[in-house]
Every structure is written in C-alpha cells, then in structure tokens.
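Next comes entry_4.tsv, a file with TSV, C-alpha atoms and all ligand atoms.
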chain	number	residue	atom	x	y	z
A	1	MET	CA	0.00	0.00	0.00
A	2	ASN	CA	2.80	2.38	-0.85
A	3	ALA	CA	0.84	5.02	-2.68
A	4	LEU	CA	-2.15	5.03	-0.31
A	5	LEU	CA	0.08	5.59	2.69
A	6	SER	CA	2.37	8.17	1.16
A	7	PRO	CA	2.08	11.88	2.06
A	8	VAL	CA	0.28	14.29	-0.23
A	9	THR	CA	-0.51	17.97	-0.50
A	10	ALA	CA	-4.05	18.88	-1.56
A	11	GLY	CA	-4.17	22.64	-2.03
A	12	LYS	CA	-3.14	23.97	1.36
A	13	LEU	CA	-3.88	20.69	3.14
A	14	GLN	CA	-0.76	18.70	3.98
A	15	LEU	CA	-1.63	15.12	4.73
A	16	ASN	CA	0.40	12.16	5.95
A	17	HIS	CA	-1.53	9.65	3.85
A	18	ARG	CA	-4.24	9.38	1.19
A	19	VAL	CA	-6.93	7.43	3.05
A	20	VAL	CA	-9.75	9.96	3.38
A	21	MET	CA	-12.93	9.58	5.42
A	22	ALA	CA	-15.84	10.23	3.03
A	23	PRO	CA	-18.73	12.38	4.23
A	24	THR	CA	-21.36	10.17	5.85
A	25	THR	CA	-24.68	11.41	7.21
A	26	ARG	CA	-25.34	9.53	10.44
A	27	MET	CA	-28.19	11.59	11.92
A	28	ARG	CA	-26.82	11.82	15.44
A	29	THR	CA	-26.83	15.48	16.38
A	30	VAL	CA	-28.40	16.71	19.57
A	31	GLN	CA	-31.44	19.03	19.46
A	32	GLY	CA	-31.30	21.69	16.77
A	33	GLY	CA	-28.77	20.07	14.44
A	34	VAL	CA	-25.92	20.64	16.91
A	35	PRO	CA	-22.94	18.24	16.99
A	36	GLY	CA	-22.80	16.89	20.57
A	37	ASP	CA	-20.57	14.55	22.57
A	38	LEU	CA	-21.56	11.41	20.66
A	39	MET	CA	-20.66	12.90	17.29
A	40	ILE	CA	-17.45	14.40	18.65
A	41	GLU	CA	-16.36	11.00	19.93
A	42	TYR	CA	-17.12	9.40	16.54
A	43	TYR	CA	-14.98	11.86	14.61
A	44	ARG	CA	-12.24	11.84	17.28
A	45	GLN	CA	-11.92	8.07	16.94
A	46	ARG	CA	-11.40	8.39	13.17
A	47	ALA	CA	-8.87	11.22	13.35
A	48	SER	CA	-5.69	9.21	13.65
A	49	GLN	CA	-2.48	9.45	11.68
A	50	GLY	CA	-2.64	12.88	10.12
A	51	GLY	CA	-5.30	12.21	7.53
A	52	LEU	CA	-8.27	14.08	6.13
A	53	LEU	CA	-11.83	13.70	7.39
A	54	ILE	CA	-14.73	15.15	5.43
A	55	ALA	CA	-17.55	15.94	7.82
A	56	GLU	CA	-21.05	14.85	6.84
A	57	ALA	CA	-23.53	16.89	4.75
A	58	THR	CA	-24.39	19.95	6.82
A	59	ALA	CA	-27.39	22.18	6.16
A	60	ILE	CA	-26.54	25.78	5.30
A	61	SER	CA	-30.15	26.92	5.65
A	62	PRO	CA	-33.01	26.49	8.14
A	63	PHE	CA	-35.25	26.07	5.07
A	64	ALA	CA	-33.70	22.97	3.50
A	65	ASN	CA	-33.01	19.64	5.16
A	66	ALA	CA	-33.78	16.03	4.27
A	67	TYR	CA	-32.72	13.97	7.27
A	68	GLU	CA	-33.92	14.31	10.82
A	69	ASP	CA	-31.06	15.00	13.24
A	70	ALA	CA	-28.62	15.90	10.46
A	71	PRO	CA	-26.35	18.81	11.42
A	72	GLY	CA	-26.56	22.46	10.39
A	73	ILE	CA	-24.16	25.42	10.27
A	74	PHE	CA	-26.56	28.38	10.47
A	75	THR	CA	-26.89	28.97	14.26
A	76	ASP	CA	-24.39	29.95	16.96
A	77	GLU	CA	-25.05	26.68	18.82
A	78	GLN	CA	-24.29	24.61	15.72
A	79	GLN	CA	-21.10	26.54	15.12
A	80	ALA	CA	-20.01	26.07	18.74
A	81	GLY	CA	-20.70	22.32	18.51
A	82	TRP	CA	-18.64	22.06	15.34
A	83	GLN	CA	-15.84	24.02	16.95
A	84	ARG	CA	-15.58	21.46	19.76
A	85	LEU	CA	-15.59	18.67	17.19
A	86	VAL	CA	-12.90	20.31	15.05
A	87	ASP	CA	-10.74	20.86	18.15
A	88	ALA	CA	-11.02	17.15	19.01
A	89	VAL	CA	-9.92	16.16	15.49
A	90	HIS	CA	-7.03	18.62	15.46
A	91	ALA	CA	-5.89	17.40	18.88
A	92	ARG	CA	-5.26	14.02	17.26
A	93	GLY	CA	-3.30	15.55	14.40
A	94	SER	CA	-5.80	15.21	11.55
A	95	GLN	CA	-7.54	17.77	9.38
A	96	ILE	CA	-11.22	18.20	8.73
A	97	VAL	CA	-13.28	19.82	6.00
A	98	LEU	CA	-17.00	20.59	6.30
A	99	GLN	CA	-19.39	19.51	3.57
A	100	LEU	CA	-21.82	22.37	2.87
A	101	TRP	CA	-25.22	21.14	1.78
A	102	HIS	CA	-28.40	22.51	0.29
A	103	PRO	CA	-30.65	19.63	-0.75
A	104	GLY	CA	-32.97	21.75	-2.95
A	105	ARG	CA	-35.83	19.55	-4.18
A	106	GLN	CA	-34.66	16.78	-1.86
A	107	SER	CA	-35.96	18.67	1.19
A	108	LEU	CA	-38.83	17.82	3.51
A	109	PRO	CA	-41.06	20.70	4.72
A	110	GLU	CA	-41.21	19.18	8.23
A	111	LEU	CA	-37.41	19.56	8.51
A	112	SER	CA	-37.27	22.90	6.66
A	113	SER	CA	-39.25	25.28	8.90
A	114	GLY	CA	-42.41	24.26	7.02
A	115	HIS	CA	-41.15	25.54	3.68
A	116	GLN	CA	-41.88	23.87	0.36
A	117	PRO	CA	-38.63	22.65	-1.23
A	118	VAL	CA	-37.03	24.92	-3.82
A	119	ALA	CA	-35.28	23.86	-7.02
A	120	PRO	CA	-34.27	25.22	-10.41
A	121	SER	CA	-37.56	23.91	-11.84
A	122	ALA	CA	-40.76	22.48	-10.36
A	123	LEU	CA	-39.73	18.89	-11.08
A	124	ILE	CA	-40.08	16.24	-8.38
A	125	ALA	CA	-37.29	13.80	-7.46
A	126	LYS	CA	-39.29	10.64	-8.15
A	127	ASP	CA	-39.01	7.70	-5.76
A	128	THR	CA	-36.56	9.54	-3.51
A	129	TYR	CA	-36.93	9.65	0.26
A	130	GLY	CA	-35.83	11.76	3.18
A	131	VAL	CA	-36.02	10.53	6.76
A	132	VAL	CA	-38.20	11.87	9.59
A	133	LYS	CA	-39.02	10.66	13.09
A	134	ASN	CA	-42.59	9.45	13.52
A	135	GLU	CA	-44.76	9.90	16.63
A	136	GLN	CA	-43.33	6.74	18.17
A	137	GLY	CA	-39.83	8.19	17.83
A	138	ALA	CA	-38.84	5.77	15.05
A	139	TYR	CA	-37.17	6.97	11.85
A	140	GLU	CA	-39.13	6.48	8.64
A	141	GLY	CA	-38.62	7.30	4.98
A	142	LYS	CA	-40.74	10.04	3.45
A	143	LEU	CA	-41.08	10.91	-0.25
A	144	PHE	CA	-40.05	14.42	-1.24
A	145	PRO	CA	-42.91	16.65	-2.44
A	146	VAL	CA	-42.98	18.66	-5.68
A	147	PRO	CA	-40.62	21.66	-5.33
A	148	ARG	CA	-41.24	25.16	-6.56
A	149	ALA	CA	-38.90	26.93	-8.98
A	150	LEU	CA	-36.61	29.58	-7.48
A	151	ASP	CA	-36.80	33.09	-8.86
A	152	VAL	CA	-33.55	34.90	-9.56
A	153	ASP	CA	-33.67	37.11	-6.45
A	154	GLU	CA	-33.98	34.04	-4.30
A	155	ILE	CA	-30.83	32.62	-5.85
A	156	GLN	CA	-28.94	35.59	-4.44
A	157	ASP	CA	-30.49	34.86	-1.02
A	158	LEU	CA	-29.15	31.32	-1.26
A	159	MET	CA	-25.69	32.64	-2.11
A	160	ASN	CA	-25.87	34.75	1.04
A	161	GLU	CA	-26.80	31.73	3.12
A	162	LEU	CA	-23.84	29.88	1.63
A	163	ARG	CA	-21.56	32.81	2.41
A	164	GLN	CA	-22.70	32.89	6.05
A	165	ALA	CA	-22.18	29.14	6.36
A	166	ALA	CA	-18.67	29.46	4.90
A	167	ILE	CA	-17.84	32.18	7.44
A	168	ARG	CA	-19.19	30.07	10.29
A	169	ALA	CA	-17.17	27.07	9.11
A	170	ARG	CA	-14.02	29.19	9.01
A	171	ASP	CA	-14.74	30.59	12.48
A	172	ALA	CA	-15.34	27.08	13.83
A	173	GLY	CA	-11.76	26.22	12.83
A	174	PHE	CA	-12.31	23.87	9.90
A	175	ASP	CA	-9.40	23.36	7.50
A	176	GLY	CA	-11.63	23.88	4.48
A	177	VAL	CA	-15.10	23.46	3.01
A	178	GLU	CA	-16.47	21.07	0.41
A	179	LEU	CA	-19.47	22.11	-1.69
A	180	HIS	CA	-21.88	19.18	-1.91
A	181	ALA	CA	-22.61	19.22	-5.62
A	182	ALA	CA	-23.21	15.46	-5.87
A	183	ASN	CA	-26.06	12.99	-5.29
A	184	GLY	CA	-28.83	15.10	-6.76
A	185	TYR	CA	-28.63	18.07	-4.40
A	186	LEU	CA	-29.19	21.70	-5.39
A	187	PRO	CA	-26.00	22.55	-7.33
A	188	GLU	CA	-26.36	19.35	-9.36
A	189	GLN	CA	-30.07	20.03	-9.91
A	190	PHE	CA	-29.04	23.22	-11.69
A	191	LEU	CA	-26.25	21.52	-13.62
A	192	LEU	CA	-28.10	18.60	-15.22
A	193	ASP	CA	-30.69	19.16	-17.92
A	194	GLY	CA	-32.94	16.44	-16.45
A	195	SER	CA	-33.74	18.70	-13.47
A	196	ASN	CA	-33.23	22.18	-14.94
A	197	GLN	CA	-35.73	23.53	-17.47
A	198	ARG	CA	-35.11	27.22	-16.79
A	199	THR	CA	-35.02	29.71	-19.60
A	200	ASP	CA	-33.20	32.51	-17.74
A	201	SER	CA	-29.45	32.90	-17.16
A	202	TYR	CA	-29.45	29.81	-14.88
A	203	GLY	CA	-30.81	27.36	-17.45
A	204	GLY	CA	-30.73	26.29	-21.06
A	205	THR	CA	-27.13	26.30	-22.24
A	206	LEU	CA	-24.47	24.30	-20.45
A	207	GLU	CA	-22.80	27.55	-19.46
A	208	ASN	CA	-26.03	28.73	-17.82
A	209	ARG	CA	-26.71	25.43	-16.07
A	210	ALA	CA	-23.23	25.46	-14.54
A	211	ARG	CA	-23.63	29.07	-13.35
A	212	PHE	CA	-25.20	28.28	-9.97
A	213	LEU	CA	-22.49	25.78	-9.06
A	214	LEU	CA	-19.64	28.01	-10.23
A	215	GLU	CA	-21.07	31.06	-8.46
A	216	SER	CA	-21.31	28.97	-5.30
A	217	VAL	CA	-17.64	28.05	-5.59
A	218	GLY	CA	-16.84	31.74	-6.10
A	219	VAL	CA	-18.67	32.61	-2.88
A	220	LEU	CA	-16.65	30.00	-1.01
A	221	THR	CA	-13.28	31.08	-2.41
A	222	ASP	CA	-14.14	34.71	-1.54
A	223	ILE	CA	-14.22	33.66	2.08
A	224	TRP	CA	-11.57	30.95	2.10
A	225	GLY	CA	-9.13	31.92	-0.66
A	226	THR	CA	-7.36	29.28	-2.74
A	227	GLY	CA	-6.41	25.77	-1.67
A	228	ARG	CA	-9.10	25.29	0.98
A	229	VAL	CA	-12.32	24.97	-1.02
A	230	ALA	CA	-13.37	21.67	-2.58
A	231	VAL	CA	-16.25	20.38	-4.70
A	232	ARG	CA	-17.89	16.95	-4.64
A	233	ILE	CA	-19.56	15.67	-7.81
A	234	SER	CA	-21.19	12.40	-8.89
A	235	PRO	CA	-20.86	12.52	-12.68
A	236	GLY	CA	-22.35	9.13	-13.45
A	237	GLY	CA	-24.78	9.27	-10.56
A	238	ILE	CA	-28.52	8.67	-10.70
A	239	TYR	CA	-29.31	9.16	-7.00
A	240	GLY	CA	-32.17	11.62	-6.51
A	241	ASP	CA	-33.75	10.83	-9.90
A	242	MET	CA	-30.92	12.62	-11.70
A	243	HIS	CA	-30.15	12.39	-15.39
A	244	ASP	CA	-28.52	14.41	-18.14
A	245	SER	CA	-28.62	14.11	-21.91
A	246	ASP	CA	-24.81	14.28	-22.23
A	247	PRO	CA	-23.01	13.73	-18.91
A	248	MET	CA	-19.52	13.64	-20.45
A	249	ALA	CA	-19.92	17.07	-22.06
A	250	THR	CA	-21.55	18.50	-18.93
A	251	PHE	CA	-18.90	17.32	-16.52
A	252	ARG	CA	-16.01	18.02	-18.83
A	253	TYR	CA	-17.15	21.64	-19.09
A	254	LEU	CA	-17.67	21.86	-15.34
A	255	VAL	CA	-14.25	20.55	-14.32
A	256	GLU	CA	-12.52	22.71	-16.93
A	257	GLN	CA	-14.21	25.71	-15.36
A	258	LEU	CA	-13.26	24.58	-11.88
A	259	ASN	CA	-9.56	24.75	-12.79
A	260	ARG	CA	-9.53	28.50	-12.33
A	261	PHE	CA	-10.47	28.34	-8.62
A	262	GLU	CA	-7.32	26.47	-7.45
A	263	LEU	CA	-9.36	24.18	-5.25
A	264	ALA	CA	-8.01	22.02	-2.44
A	265	TYR	CA	-9.33	19.06	-4.40
A	266	LEU	CA	-12.08	17.81	-6.66
A	267	HIS	CA	-13.98	14.89	-5.11
A	268	ILE	CA	-15.50	12.48	-7.62
A	269	ILE	CA	-17.92	9.66	-6.81
A	270	GLU	CA	-17.53	6.70	-9.14
A	271	PRO	CA	-20.60	5.72	-11.20
A	272	ARG	CA	-20.83	2.28	-9.57
A	273	ILE	CA	-22.47	3.96	-6.55
A	274	VAL	CA	-26.02	5.23	-5.99
A	275	GLY	CA	-26.04	7.47	-2.89
A	276	PRO	CA	-25.08	5.18	-0.01
A	277	GLU	CA	-25.38	1.92	-1.98
A	278	ASP	CA	-23.69	-0.14	-4.69
A	279	ARG	CA	-25.38	0.07	-8.06
A	280	ASN	CA	-26.74	-3.11	-9.60
A	281	ALA	CA	-24.69	-4.68	-12.33
A	282	GLY	CA	-25.64	-3.74	-15.87
A	283	TYR	CA	-26.05	-0.03	-15.14
A	284	TYR	CA	-23.21	1.24	-17.25
A	285	GLU	CA	-25.09	3.42	-19.71
A	286	ASN	CA	-23.36	6.78	-19.70
A	287	PRO	CA	-20.64	6.41	-17.13
A	288	VAL	CA	-18.26	9.24	-16.35
A	289	ALA	CA	-15.66	8.34	-13.79
A	290	SER	CA	-12.65	10.02	-12.24
A	291	ARG	CA	-10.40	8.49	-14.90
A	292	ASP	CA	-12.43	10.20	-17.63
A	293	LEU	CA	-12.23	13.64	-16.03
A	294	ARG	CA	-8.57	13.44	-15.08
A	295	ALA	CA	-7.47	14.75	-18.47
A	296	PHE	CA	-9.50	17.95	-18.05
A	297	TYR	CA	-8.79	18.80	-14.42
A	298	GLN	CA	-5.42	20.16	-13.37
A	299	GLY	CA	-5.64	19.80	-9.59
A	300	THR	CA	-5.84	17.09	-6.95
A	301	ILE	CA	-8.57	14.44	-7.30
A	302	ILE	CA	-10.15	12.36	-4.56
A	303	ALA	CA	-12.03	9.34	-5.92
A	304	ALA	CA	-14.76	7.66	-3.86
A	305	GLY	CA	-17.20	4.84	-4.18
A	306	GLY	CA	-16.91	1.12	-3.67
A	307	PHE	CA	-13.18	1.05	-2.98
A	308	LYS	CA	-11.41	-1.69	-1.07
A	309	PRO	CA	-7.81	-1.02	-0.01
A	310	GLU	CA	-6.38	-3.12	-2.87
A	311	ASP	CA	-8.21	-1.47	-5.74
A	312	ALA	CA	-7.73	1.91	-4.10
A	313	GLU	CA	-4.00	1.32	-4.34
A	314	ASP	CA	-4.31	0.23	-7.99
A	315	THR	CA	-6.30	3.36	-8.82
A	316	LEU	CA	-3.57	5.56	-7.35
A	317	GLN	CA	-0.83	3.55	-9.07
A	318	ARG	CA	-2.57	4.03	-12.42
A	319	GLY	CA	-2.69	7.76	-11.74
A	320	GLU	CA	-6.48	7.99	-11.98
A	321	ALA	CA	-6.79	9.83	-8.65
A	322	ASP	CA	-4.53	11.24	-5.90
A	323	LEU	CA	-6.45	10.21	-2.79
A	324	ILE	CA	-9.23	7.72	-2.07
A	325	ALA	CA	-12.21	8.36	0.19
A	326	PHE	CA	-13.83	5.46	2.03
A	327	GLY	CA	-17.41	5.75	3.26
A	328	ARG	CA	-18.91	2.55	4.58
A	329	LEU	CA	-15.60	0.96	5.59
A	330	PHE	CA	-14.74	3.95	7.76
A	331	THR	CA	-18.03	3.56	9.66
A	332	SER	CA	-16.88	0.23	11.09
A	333	ASN	CA	-13.08	0.69	11.06
A	334	PRO	CA	-12.21	3.81	13.05
A	335	ASP	CA	-8.52	3.02	12.56
A	336	LEU	CA	-8.82	2.33	8.82
A	337	PRO	CA	-5.44	3.87	7.81
A	338	ASP	CA	-3.72	1.77	10.47
A	339	ARG	CA	-5.48	-1.41	9.37
A	340	ILE	CA	-4.42	-0.78	5.79
A	341	ARG	CA	-0.83	-0.09	6.89
A	342	HIS	CA	-0.58	-3.37	8.80
A	343	ALA	CA	-2.92	-5.41	6.61
A	344	PHE	CA	-5.16	-6.04	9.62
A	345	PRO	CA	-8.57	-7.53	8.80
A	346	LEU	CA	-11.46	-5.12	8.24
A	347	THR	CA	-14.64	-5.16	10.31
A	348	ALA	CA	-17.92	-5.40	8.35
A	349	TYR	CA	-20.21	-2.37	8.60
A	350	ASN	CA	-23.66	-2.36	10.18
A	351	ARG	CA	-26.10	-0.95	7.65
A	352	ASP	CA	-29.01	-0.94	10.13
A	353	ALA	CA	-27.19	1.66	12.23
A	354	PHE	CA	-26.26	3.98	9.35
A	355	PHE	CA	-29.08	6.48	9.64
A	356	GLY	CA	-29.93	7.58	13.16
A	357	GLY	CA	-29.63	5.98	16.58
A	358	ASP	CA	-27.20	6.00	19.47
A	359	GLU	CA	-23.63	4.81	19.97
A	360	ARG	CA	-24.48	1.30	18.81
A	361	GLY	CA	-23.14	0.67	15.33
A	362	TYR	CA	-21.61	4.16	15.50
A	363	SER	CA	-18.93	4.90	18.07
A	364	ASP	CA	-18.69	1.35	19.52
A	365	PHE	CA	-16.43	-0.16	16.83
A	366	PRO	CA	-13.07	-0.80	18.50
A	367	VAL	CA	-9.66	-0.26	16.97
A	368	PHE	CA	-7.98	-3.48	15.87
A	369	THR	CA	-5.94	-5.41	18.39
A	370	SER	CA	-4.56	-8.71	17.17
A	371	VAL	CA	-5.12	-11.81	19.32
A	372	GLU	CA	-1.38	-12.23	19.83
A	373	GLU	CA	-1.12	-8.85	21.54
B	1	LIG	C1	-24.49	6.14	5.84
B	1	LIG	C2	-24.05	6.94	4.66
B	1	LIG	C3	-24.22	8.31	4.67
B	1	LIG	C4	-23.75	9.09	3.59
B	1	LIG	N1	-23.83	10.45	3.67
B	1	LIG	C5	-23.24	11.21	2.71
B	1	LIG	C6	-23.13	12.62	2.87
B	1	LIG	O1	-23.53	13.19	3.89
B	1	LIG	N2	-22.55	13.32	1.86
B	1	LIG	C7	-22.07	12.72	0.73
B	1	LIG	O2	-21.55	13.40	-0.16
B	1	LIG	N3	-22.13	11.38	0.58
B	1	LIG	C8	-22.67	10.62	1.54
B	1	LIG	N4	-22.67	9.25	1.43
B	1	LIG	C9	-21.96	8.63	0.28
B	1	LIG	C10	-20.52	8.30	0.67
B	1	LIG	O3	-19.76	9.47	0.91
B	1	LIG	C11	-19.83	7.49	-0.42
B	1	LIG	O4	-19.81	8.22	-1.63
B	1	LIG	C12	-20.53	6.15	-0.67
B	1	LIG	O5	-20.80	5.51	0.57
B	1	LIG	C13	-19.68	5.22	-1.52
B	1	LIG	O6	-18.42	5.01	-0.91
B	1	LIG	P1	-18.09	3.62	-0.13
B	1	LIG	O7	-18.29	2.52	-1.12
B	1	LIG	O8	-16.64	3.77	0.29
B	1	LIG	O9	-19.03	3.51	1.02
B	1	LIG	C14	-23.15	8.46	2.47
B	1	LIG	C15	-23.01	7.08	2.47
B	1	LIG	C16	-23.43	6.32	3.55
B	1	LIG	C17	-23.21	4.83	3.53
Go ahead and express the file in the form of structure tokens.
Ligand SMILES: Cc1cc2nc3c(=O)[nH]c(=O)nc-3n(C[C@H](O)[C@H](O)[C@H](O)COP(=O)(O)O)c2cc1C
Amino acid sequence: MNALLSPVTAGKLQLNHRVVMAPTTRMRTVQGGVPGDLMIEYYRQRASQGGLLIAEATAISPFANAYEDAPGIFTDEQQAGWQRLVDAVHARGSQIVLQLWHPGRQSLPELSSGHQPVAPSALIAKDTYGVVKNEQGAYEGKLFPVPRALDVDEIQDLMNELRQAAIRARDAGFDGVELHAANGYLPEQFLLDGSNQRTDSYGGTLENRARFLLESVGVLTDIWGTGRVAVRISPGGIYGDMHDSDPMATFRYLVEQLNRFELAYLHIIEPRIVGPEDRNAGYYENPVASRDLRAFYQGTIIAAGGFKPEDAEDTLQRGEADLIAFGRLFTSNPDLPDRIRHAFPLTAYNRDAFFGGDERGYSDFPVFTSVEE
C-alpha cells in the first residue's frame, strides 16, 4: 500500500496519507442540528495518523433539510458544537473539511421550517426519500414533495446563506469546506438538464446550467481563498432521480471551469455507486468516472465509491486519482489507515445503524488489536 500511505498535498492541506474519510450522514446530532458529545467522539476516533476527514452533509439553511437529526451550520449553537468537534480532530493531528449542503428539491417541509422545497424547476425527485421521526420516535422514509422553482432574487439569497455558512465554518476552525454538488442536491439540480428547465441565465445552455455551481464556488473562495475549497460531484450518478442528456460534455465543461479556482481538491464519486449503496450490475449506460475527467482537471482528485484497499492502491498507481475516500468501511473501522498499513482484517459495517440511533453501530467499533497482543 505504498501510494495510499504516502504523504500528499491537496491545495493547502498537507496530509500524511491518502486514506480519506468520506462524508457520511449519520443523523446523530443533539437538538437543533448541533454536533454533541456522541458525534465528537465518533470523529475523534477516526482522526488518527494525520489524515483528512470530510464531515457529513451539513445544512446551510433552516429552510432545507432532508434527514432528521442531520447537522446544520446556520446557528451559533451549531457553530459552537462544530468548533468542539474540530478541536477534538485537530488534537489528534488530523484535518477536517466541512461539507456544505443545500438539498434543494430533496428537502422535507417538516425539517425545513415548514417551507416547500425549492429547485431550479418544479420537477419532483421521483421515488426519492428523506427521513423523519414518527410519533413513536422511530425513523421512517418520506417521499419528497414537488418543489417550486426559485426566482432569480432568491438565488442571491441562497448565495448569502452559503456565504454565512462558509464564514461560520471558518470561524469554527475547519481546514476547508467542500461544496456538496453530488447525489442530486441543489448545485447538481441546476447543472443537469434532467432537473433544470429554466429559460433565464441559470438554465438552457451548459454555461447557464453550470452558473449556480460556479457562483457557489466563487462565494466559497471569496471567504476561504485558494487551496481550501473543494467540490464533490457524482458525474455518473442517478441518485435523486438525476439524469442528463450528455453527462460527459456536462462534466467536462464543469471541471474545466473549476480549474480557475485552485481548489483544495475535486472529489469524484464513481458511477458504480447510488447514494449510499452499490449500483446493480448492468447499469453502465453513460458512465463518467474520475479516470475520464482526469485529463481535463489540473488539480488534486479524490475518488470515492466502492473502494477496497487493494483497488484503491491500484487506482492511485494508475494515476487515476490522488487520494481515495472510504465511506462505509470507515463507519466500522475507526482506525482504517492503520489497518491498511498493517494489513489487519477489516470489520464489516452495520447498515441498520447507518441512519440515526445512538452509539451502537456508530462509536462502539473498537480499533484493531490482534489476538497475539
Ligand atoms: C451512511 C451513509 C451516509 C452518507 N452520507 C453522505 C453525505 O452526507 N454526503 C455525501 O456526499 N455522501 C454521503 N454518502 C456517500 C458516501 O460518501 C460514499 O460516496 C458512498 O458511501 C460510496 O463510498 P463507499 O463505497 O466507500 O461507502 C453516504 C453514504 C453512507 C453509507
């Protein structure tokens, strides 16, 4: 595992190895979307060996959320909770970036101050669910309703929300921010022609469809400067009822435009993944993967999605990406970089505990100790 465990610089982030913790929504904040002791312990456990953690999708607005008990970054209490969490990660010598999230049409009114979801166009995300708590206190899936189309003034309001969130993230001590432009959330809803039917300057041509995403990145680099802003995309993804008539052209244009921002990294989810799951075989219609975009992007690439340590190493050796993010494996292996280094066995993850709950299946996975020790 020579490449995976070798140091790397991603923008202004200097990392001891290339095993990144992917952002994973676990729905375990305390009241009001505030990171509490349980979440802090979870991230602290995974902060070993000078690596990079990407904190889970975090709402930038009180008017857009999809998962009960997911965190936010729009109140003082949320910011203070994140600051404690960041301090705990830094104390163990790792770095942490916050994933800034506006779910757009994938929002539930009951988690969004009663507001109807907003989107580029009034097009529903078919067969896509958020998660709410029912009266018995159990989590249950809930279909997203039809959104309403944003008017142009409102787009500026969203940019202001993003700006405030970026300032709060900086003040909480994060090492950077990652725009969540993957998995069918708002920036991707603007980008793909399957979800954007606007006829104003935010729709129609590819240039117009990319405008929202690129303006968002501009807002973030205004606050953070170069080398500390990142973007996550899912170019072959279908999660959230997403589709595009020409994904290769769309994503090629996007990543070429992203070159000018001197990002910390571009984070690409491989097309074999649908949200938190593997895609069924036989899906490969219009795939665009990190290896396809490499030629058009000049900076550091993190690839994610379905990697095991061995094929992660192969991907780096072939030069298709610079770092690899692990999602599900990090949930059950808090010491994942160490296990890779020593070829220790990996613990299987517990899918039932992914979304919501207590410490079980969350912060109760031990680090590896071999029987001989
Ligand atoms: C429980 C769970 C929660 C997730 N939450 C997020 C999230 O908040 N933001 C995001 O960009 N991706 C999220 N994902 C997707 C992962 O970051 C990753 O792309 C996906 O799990 C595939 O990688 P893996 O095969 O290493 O797990 C989530 C995945 C899982 C399993």
**Study point:** Surrounding residues of A:Val86 excluding itself and chain neighbours under 5 positions, 9 Å, only C-alpha atoms, as a PyMOL selection string
**Key:** chain A and resi 40+43-44+81+91+95-96+172-175
**Study point:** Spatial neighbours of stretch 107-123 of chain A, 6 Å, only C-alpha atoms, chain gap at least 6 places, as a PyMOL selection string
**Key:** chain A and resi 62-66+144+147-150+190+196-197
Review point. If we count all atoms listed in the file, what is near A:Leu15 at a cut-off of 7 Å, once residues fewer than 2 positions away on the same chain are taken out, given as a list in words?
Key: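 So, after excluding close chain neighbours, the residues are Pro7, Val8, Thr9, Leu13, His17, Gly50, Gly51 and Leu52 of chain A.
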Exercise for review: Write as a PyMOL selection string the residues around ligand LIG 1 (chain B), taking 6 Å as the cut-off and counting only C-alpha atoms and all ligand atoms.
Suggested key: chain A and resi 22-26+56-57+269+273+275-276+304-307+326-328+354-355
Print the selection's residues with C-alpha atoms to a file, as a PDB file, in the frame of the given file.
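Result written to out-v3.pdb:
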ATOM      1  CA  ALA A  22     -15.840  10.230   3.030  1.00  0.00           C
ATOM      2  CA  PRO A  23     -18.730  12.380   4.230  1.00  0.00           C
ATOM      3  CA  THR A  24     -21.360  10.170   5.850  1.00  0.00           C
ATOM      4  CA  THR A  25     -24.680  11.410   7.210  1.00  0.00           C
ATOM      5  CA  ARG A  26     -25.340   9.530  10.440  1.00  0.00           C
ATOM      6  CA  GLU A  56     -21.050  14.850   6.840  1.00  0.00           C
ATOM      7  CA  ALA A  57     -23.530  16.890   4.750  1.00  0.00           C
ATOM      8  CA  ILE A 269     -17.920   9.660  -6.810  1.00  0.00           C
ATOM      9  CA  ILE A 273     -22.470   3.960  -6.550  1.00  0.00           C
ATOM     10  CA  GLY A 275     -26.040   7.470  -2.890  1.00  0.00           C
ATOM     11  CA  PRO A 276     -25.080   5.180  -0.010  1.00  0.00           C
ATOM     12  CA  ALA A 304     -14.760   7.660  -3.860  1.00  0.00           C
ATOM     13  CA  GLY A 305     -17.200   4.840  -4.180  1.00  0.00           C
ATOM     14  CA  GLY A 306     -16.910   1.120  -3.670  1.00  0.00           C
ATOM     15  CA  PHE A 307     -13.180   1.050  -2.980  1.00  0.00           C
ATOM     16  CA  PHE A 326     -13.830   5.460   2.030  1.00  0.00           C
ATOM     17  CA  GLY A 327     -17.410   5.750   3.260  1.00  0.00           C
ATOM     18  CA  ARG A 328     -18.910   2.550   4.580  1.00  0.00           C
ATOM     19  CA  PHE A 354     -26.260   3.980   9.350  1.00  0.00           C
ATOM     20  CA  PHE A 355     -29.080   6.480   9.640  1.00  0.00           C
TER      21      PHE A 355
END
Point to revise | Between atom CA of A:Pro71 and atom CA of A:Leu98, distance in Å (one decimal) | key: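 A separation of 10.8 Å between them.
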Exercise for review: Please provide the set of residues having any atom within 7 Å of A:Phe74, restricted to only C-alpha atoms, with same-chain residues fewer than 6 positions apart removed, written as a ChimeraX atom specification.
Suggested key: /A:60-61,165
Check your understanding: Counting all atoms listed in the file, which of A:Val20, A:Val30, A:Leu214, A:Val229 gets nearest to A:Pro334?
Key -> A:Val20
Review point. Looking at A:Gly225, A:Pro35, A:Gly236, A:Gly203, which one is nearest to A:Gly11, with distances taken over all atoms listed in the file?
Key: A:Gly225
Review point. Of the candidates A:Phe344, A:Tyr297, A:Tyr239, A:Tyr185, which one gets nearest to A:Leu213 if we count all atoms listed in the file?
Key: A:Tyr185
Check your understanding: Which is closest to A:Gly240 among A:Ala264, A:Val97, A:Ala125, A:Leu158, if we use all atoms listed in the file?
Key -> A:Ala125
Point to revise | Minimum-distance residue to A:Pro366, chosen among A:Asp311, A:Asn333, A:Ala343, A:Val274 (using all atoms listed in the file) | key: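 Closest residue, counting all atoms listed in the file: A:Asn333.
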Review point. Which one of A:Val89, A:Arg28, A:Ala169, A:Asn16 sits closest to A:Ile73 if you count all atoms listed in the file?
Key: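 Counting all atoms listed in the file, the residue closest to A:Ile73 is A:Ala169.
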Check your understanding: At most 12 Å from (-25.4, 35.2, -3.7), file frame, all atoms listed in the file: which residues, as number ranges by chain?
Key -> A: 152-164, 211-220, 222
Check your understanding: Neighbours of A:Phe330 within 8 Å (all atoms listed in the file; same-chain residues fewer than 6 positions away dropped), as an MDAnalysis selection string?
Key -> chainID A and resid 21:22 46 336
Check your understanding: If you measure from atom CA of A:Arg360 to atom CA of A:Pro337, what distance in Å do you get, rounded to one decimal?
Key ->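 Here the two named atoms are 22.1 Å from each other.
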Review point. Hey, can you check how far atom CA of A:Glu41 sits from atom CA of A:Asp278?
Key: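 Value for the atom CA of A:Glu41-atom CA of A:Asp278 distance: 28.0 Å.
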Practice item. Place a sphere of radius 9 Å on (-6.6, 18.0, -3.5) in the file coordinates and name every protein, DNA or RNA residue with an atom inside or on its surface, counting only C-alpha atoms; give the answer as an MDAnalysis selection string. Key: chainID A and resid 8:13 227:228 230 263:267 299:302 322:323
Mind working out the centre and edge lengths of an axis-aligned box for stretch 267-273 of chain A, all listed atoms inside, 3 Å added to each side, rounded to one decimal in Å and written as JSON?
{"center_x": -18.2, "center_y": 8.6, "center_z": -8.2, "size_x": 14.5, "size_y": 18.6, "size_z": 12.1}
